[in-house]
$ cat protein_36.pdb   # PDB, C-alpha atoms, pLDDT in the B column
ATOM      1  CA  MET A  65      62.506  64.436 229.632  1.00 73.00           C
ATOM      2  CA  LYS A  66      63.968  66.039 226.543  1.00 79.00           C
ATOM      3  CA  GLU A  67      63.152  65.781 222.871  1.00 87.00           C
ATOM      4  CA  SER A  68      64.469  62.681 221.102  1.00 82.00           C
ATOM      5  CA  ILE A  69      63.976  60.350 218.151  1.00 85.00           C
ATOM      6  CA  TYR A  70      63.984  56.653 218.951  1.00 78.00           C
ATOM      7  CA  LYS A  71      64.602  54.172 216.106  1.00 78.00           C
ATOM      8  CA  THR A  72      62.775  50.838 216.459  1.00 75.00           C
ATOM      9  CA  ARG A  73      63.019  49.285 212.999  1.00 71.00           C
ATOM     10  CA  ASP A  74      65.628  46.735 214.058  1.00 68.00           C
ATOM     11  CA  ARG A  75      64.069  45.696 217.356  1.00 73.00           C
ATOM     12  CA  ASP A  76      63.293  41.978 217.592  1.00 86.00           C
ATOM     13  CA  GLU A  77      59.899  40.487 218.347  1.00 89.00           C
ATOM     14  CA  TYR A  78      59.556  38.112 221.264  1.00 89.00           C
ATOM     15  CA  PHE A  79      56.829  35.598 222.113  1.00 91.00           C
ATOM     16  CA  PRO A  80      55.721  35.880 225.773  1.00 86.00           C
ATOM     17  CA  GLU A  81      53.344  33.545 227.622  1.00 85.00           C
ATOM     18  CA  GLU A  82      50.467  35.749 226.465  1.00 87.00           C
ATOM     19  CA  GLY A  83      50.609  34.007 223.088  1.00 90.00           C
ATOM     20  CA  CYS A  84      51.340  36.766 220.579  1.00 95.00           C
ATOM     21  CA  TYR A  85      54.459  38.364 219.146  1.00 96.00           C
ATOM     22  CA  ILE A  86      55.527  41.620 220.829  1.00 95.00           C
ATOM     23  CA  ARG A  87      57.951  44.286 219.636  1.00 94.00           C
ATOM     24  CA  GLU A  88      58.716  46.962 222.213  1.00 93.00           C
ATOM     25  CA  ILE A  89      58.571  50.362 220.532  1.00 93.00           C
ATOM     26  CA  TRP A  90      58.927  52.587 223.602  1.00 93.00           C
ATOM     27  CA  ASN A  91      59.391  51.368 227.148  1.00 93.00           C
ATOM     28  CA  THR A  92      61.978  53.019 229.359  1.00 92.00           C
ATOM     29  CA  PRO A  93      62.213  53.910 233.056  1.00 94.00           C
ATOM     30  CA  GLU A  94      63.102  57.448 231.988  1.00 92.00           C
ATOM     31  CA  ASP A  95      59.482  57.801 230.779  1.00 94.00           C
ATOM     32  CA  GLY A  96      57.359  56.082 233.365  1.00 96.00           C
ATOM     33  CA  ALA A  97      54.205  57.754 232.083  1.00 97.00           C
ATOM     34  CA  ALA A  98      53.657  55.468 229.078  1.00 98.00           C
ATOM     35  CA  SER A  99      54.924  52.622 226.921  1.00 97.00           C
ATOM     36  CA  ILE A 100      54.126  51.523 223.372  1.00 97.00           C
ATOM     37  CA  ALA A 101      54.465  48.028 221.910  1.00 96.00           C
ATOM     38  CA  ARG A 102      53.389  46.416 218.650  1.00 96.00           C
ATOM     39  CA  ALA A 103      51.536  43.113 219.005  1.00 97.00           C
ATOM     40  CA  ARG A 104      51.082  40.544 216.229  1.00 97.00           C
ATOM     41  CA  VAL A 105      48.615  37.658 216.418  1.00 98.00           C
ATOM     42  CA  ARG A 106      48.718  34.998 213.707  1.00 97.00           C
ATOM     43  CA  PRO A 107      45.535  33.914 211.869  1.00 98.00           C
ATOM     44  CA  GLY A 108      43.451  31.592 214.037  1.00 97.00           C
ATOM     45  CA  ASP A 109      45.413  32.317 217.227  1.00 97.00           C
ATOM     46  CA  VAL A 110      43.965  33.721 220.435  1.00 98.00           C
ATOM     47  CA  THR A 111      45.939  35.264 223.289  1.00 97.00           C
ATOM     48  CA  ALA A 112      45.750  33.882 226.816  1.00 96.00           C
ATOM     49  CA  TRP A 113      43.422  35.443 229.352  1.00 97.00           C
ATOM     50  CA  HIS A 114      45.432  37.974 231.343  1.00 97.00           C
ATOM     51  CA  LEU A 115      45.252  41.338 233.077  1.00 97.00           C
ATOM     52  CA  LEU A 116      47.528  44.235 233.890  1.00 97.00           C
ATOM     53  CA  LYS A 117      47.275  45.073 237.581  1.00 97.00           C
ATOM     54  CA  ASN A 118      48.154  48.773 237.693  1.00 96.00           C
ATOM     55  CA  ILE A 119      48.148  49.710 234.016  1.00 98.00           C
ATOM     56  CA  VAL A 120      45.490  51.084 231.668  1.00 98.00           C
ATOM     57  CA  GLU A 121      46.037  49.612 228.204  1.00 98.00           C
ATOM     58  CA  ARG A 122      44.719  50.691 224.822  1.00 98.00           C
ATOM     59  CA  TYR A 123      44.801  48.589 221.669  1.00 98.00           C
ATOM     60  CA  VAL A 124      44.920  50.508 218.379  1.00 98.00           C
ATOM     61  CA  VAL A 125      44.246  48.095 215.513  1.00 98.00           C
ATOM     62  CA  MET A 126      46.595  48.760 212.598  1.00 98.00           C
ATOM     63  CA  GLU A 127      46.048  45.692 210.353  1.00 98.00           C
ATOM     64  CA  GLY A 128      43.690  42.734 210.215  1.00 98.00           C
ATOM     65  CA  THR A 129      40.526  41.782 212.058  1.00 98.00           C
ATOM     66  CA  GLY A 130      39.849  40.216 215.418  1.00 98.00           C
ATOM     67  CA  ARG A 131      37.472  39.520 218.262  1.00 98.00           C
ATOM     68  CA  VAL A 132      38.337  41.120 221.584  1.00 98.00           C
ATOM     69  CA  GLU A 133      37.035  40.161 225.021  1.00 98.00           C
ATOM     70  CA  VAL A 134      37.440  42.752 227.780  1.00 98.00           C
ATOM     71  CA  GLY A 135      36.054  42.496 231.292  1.00 97.00           C
ATOM     72  CA  ASP A 136      32.299  41.922 231.323  1.00 96.00           C
ATOM     73  CA  LEU A 137      31.679  43.311 227.821  1.00 97.00           C
ATOM     74  CA  PRO A 138      30.350  40.872 225.217  1.00 98.00           C
ATOM     75  CA  PRO A 139      32.956  39.767 222.642  1.00 98.00           C
ATOM     76  CA  ALA A 140      33.350  42.435 219.950  1.00 98.00           C
ATOM     77  CA  GLU A 141      34.719  42.403 216.418  1.00 98.00           C
ATOM     78  CA  VAL A 142      37.528  44.896 215.798  1.00 98.00           C
ATOM     79  CA  GLY A 143      39.296  46.120 212.684  1.00 98.00           C
ATOM     80  CA  VAL A 144      41.654  48.767 211.375  1.00 98.00           C
ATOM     81  CA  GLY A 145      41.342  52.053 213.263  1.00 98.00           C
ATOM     82  CA  ASP A 146      39.421  50.658 216.231  1.00 98.00           C
ATOM     83  CA  VAL A 147      40.597  51.479 219.757  1.00 98.00           C
ATOM     84  CA  VAL A 148      39.977  49.146 222.696  1.00 98.00           C
ATOM     85  CA  VAL A 149      40.325  50.649 226.195  1.00 98.00           C
ATOM     86  CA  ILE A 150      41.218  48.176 228.938  1.00 98.00           C
ATOM     87  CA  PRO A 151      41.092  49.540 232.507  1.00 98.00           C
ATOM     88  CA  ARG A 152      43.623  48.321 235.072  1.00 98.00           C
ATOM     89  CA  ASN A 153      42.827  44.949 236.663  1.00 98.00           C
ATOM     90  CA  THR A 154      40.507  43.978 233.782  1.00 98.00           C
ATOM     91  CA  ARG A 155      40.734  40.564 232.128  1.00 98.00           C
ATOM     92  CA  GLN A 156      41.384  40.573 228.409  1.00 98.00           C
ATOM     93  CA  ARG A 157      42.215  38.491 225.368  1.00 98.00           C
ATOM     94  CA  ILE A 158      42.058  38.909 221.605  1.00 98.00           C
ATOM     95  CA  ALA A 159      41.620  36.442 218.735  1.00 98.00           C
ATOM     96  CA  ASN A 160      42.654  36.850 215.118  1.00 98.00           C
ATOM     97  CA  THR A 161      39.526  36.099 213.059  1.00 98.00           C
ATOM     98  CA  GLY A 162      41.042  37.007 209.704  1.00 98.00           C
ATOM     99  CA  ASP A 163      43.339  35.360 207.194  1.00 98.00           C
ATOM    100  CA  LYS A 164      46.343  37.656 207.736  1.00 98.00           C
ATOM    101  CA  ASP A 165      48.229  38.814 210.822  1.00 98.00           C
ATOM    102  CA  LEU A 166      46.317  40.980 213.295  1.00 98.00           C
ATOM    103  CA  ILE A 167      48.615  43.860 214.241  1.00 98.00           C
ATOM    104  CA  PHE A 168      47.848  46.434 216.908  1.00 98.00           C
ATOM    105  CA  LEU A 169      49.622  48.924 219.108  1.00 98.00           C
ATOM    106  CA  CYS A 170      49.487  48.454 222.884  1.00 98.00           C
ATOM    107  CA  ILE A 171      49.685  51.829 224.608  1.00 98.00           C
ATOM    108  CA  CYS A 172      50.066  51.511 228.381  1.00 98.00           C
ATOM    109  CA  THR A 173      49.828  54.131 231.121  1.00 98.00           C
ATOM    110  CA  PRO A 174      51.828  54.079 233.229  1.00 98.00           C
ATOM    111  CA  ARG A 175      54.460  52.148 231.263  1.00 97.00           C
ATOM    112  CA  PHE A 176      54.268  48.354 231.088  1.00 97.00           C
ATOM    113  CA  ILE A 177      56.360  46.438 233.606  1.00 96.00           C
ATOM    114  CA  GLN A 178      56.354  42.644 233.788  1.00 95.00           C
ATOM    115  CA  GLU A 179      55.485  42.655 237.507  1.00 97.00           C
ATOM    116  CA  ASP A 180      52.030  44.032 236.629  1.00 97.00           C
ATOM    117  CA  TYR A 181      51.238  41.200 234.184  1.00 96.00           C
ATOM    118  CA  GLU A 182      49.014  38.440 235.571  1.00 96.00           C
ATOM    119  CA  SER A 183      48.159  35.301 233.644  1.00 95.00           C
ATOM    120  CA  LEU A 184      44.623  34.061 234.229  1.00 94.00           C
ATOM    121  CA  GLY A 185      45.190  30.629 232.717  1.00 78.00           C
TER     122      GLY A 185
END

$ encode --input "protein_36.pdb" --output "structure tokens"
Amino acid sequence: MKESIYKTRDRDEYFPEEGCYIREIWNTPEDGAASIARARVRPGDVTAWHLLKNIVERYVVMEGTGRVEVGDLPPAEVGVGDVVVIPRNTRQRIANTGDKDLIFLCICTPRFIQEDYESLG
């Protein structure tokens, strides 16, 4: 891999079955080590239970407040600056408990691929 600058300002959000808006910031086969996405959950919304089979994911909360549920941990309140570590094959979901959008980065290692996403209903 060589040095580069990747512009993401004009990338569109999409709304997958997970139930939140996603904007891919960095996700390319040329860098299989990691991917970065920005997630946005509207006030009152909660994402669907899901897991990533072969991927460790980290949420970095950038704006808003929420309640995250990860594996067997009790539900926990999260806010700006908090980091949530989600091991591979661990169920997860997050709810927006505030009155503005909950925005967080999703940093995945190795990079996110759709084949590793599993909906848990």

$ resolve_selection --input "protein_36.pdb" --expression "the PyMOL selection byres ((chain A and resi 71-79) around 10)" --output "compact mmCIF listing (two decimals) with C-alpha atoms, in the frame of the given file"
# COMPACT_ATOMS: atom_id res chain seq x y z
CA SER A 68 64.47 62.68 221.10
CA ILE A 69 63.98 60.35 218.15
CA TYR A 70 63.98 56.65 218.95
CA PRO A 80 55.72 35.88 225.77
CA GLU A 81 53.34 33.54 227.62
CA GLU A 82 50.47 35.75 226.46
CA GLY A 83 50.61 34.01 223.09
CA CYS A 84 51.34 36.77 220.58
CA TYR A 85 54.46 38.36 219.15
CA ILE A 86 55.53 41.62 220.83
CA ARG A 87 57.95 44.29 219.64
CA GLU A 88 58.72 46.96 222.21
CA ILE A 89 58.57 50.36 220.53
CA TRP A 90 58.93 52.59 223.60
CA ALA A 101 54.46 48.03 221.91
CA ARG A 102 53.39 46.42 218.65
CA ALA A 103 51.54 43.11 219.00
CA ARG A 104 51.08 40.54 216.23

$ resolve_selection --input "protein_36.pdb" --expression "the PyMOL selection byres ((chain A and resi 123) around 12)" --output "PyMOL selection string"
chain A and resi 100-104+120-122+124-127+130+132-134+142-151+156-158+166-172

$ resolve_selection --input "protein_36.pdb" --expression "the PyMOL selection byres ((chain A and resi 114) around 6)" --output "list in words"
Trp113, Leu115, Arg155, Gln156, Glu182, Ser183 and Leu184 of chain A

$ atom_distance --input "protein_36.pdb" --atom1 "CA of Gly162 in chain A" --atom2 "CA of Pro139 in chain A"
15.5 Å

$ atom_distance --input "protein_36.pdb" --atom1 "CA of Arg106 in chain A" --atom2 "CA of Ile119 in chain A"
25.1 Å

$ axis_aligned_box --input "protein_36.pdb" --around "range 115-132 of chain A" --padding-each-side "3 Å" --output "lines of an AutoDock Vina configuration file"
center_x = 42.8
center_y = 45.3
center_z = 224.0
size_x = 16.7
size_y = 17.6
size_z = 33.5

$ atom_distance --input "protein_36.pdb" --atom1 "CA of Tyr181 in chain A" --atom2 "CA of Leu116 in chain A"
4.8 Å
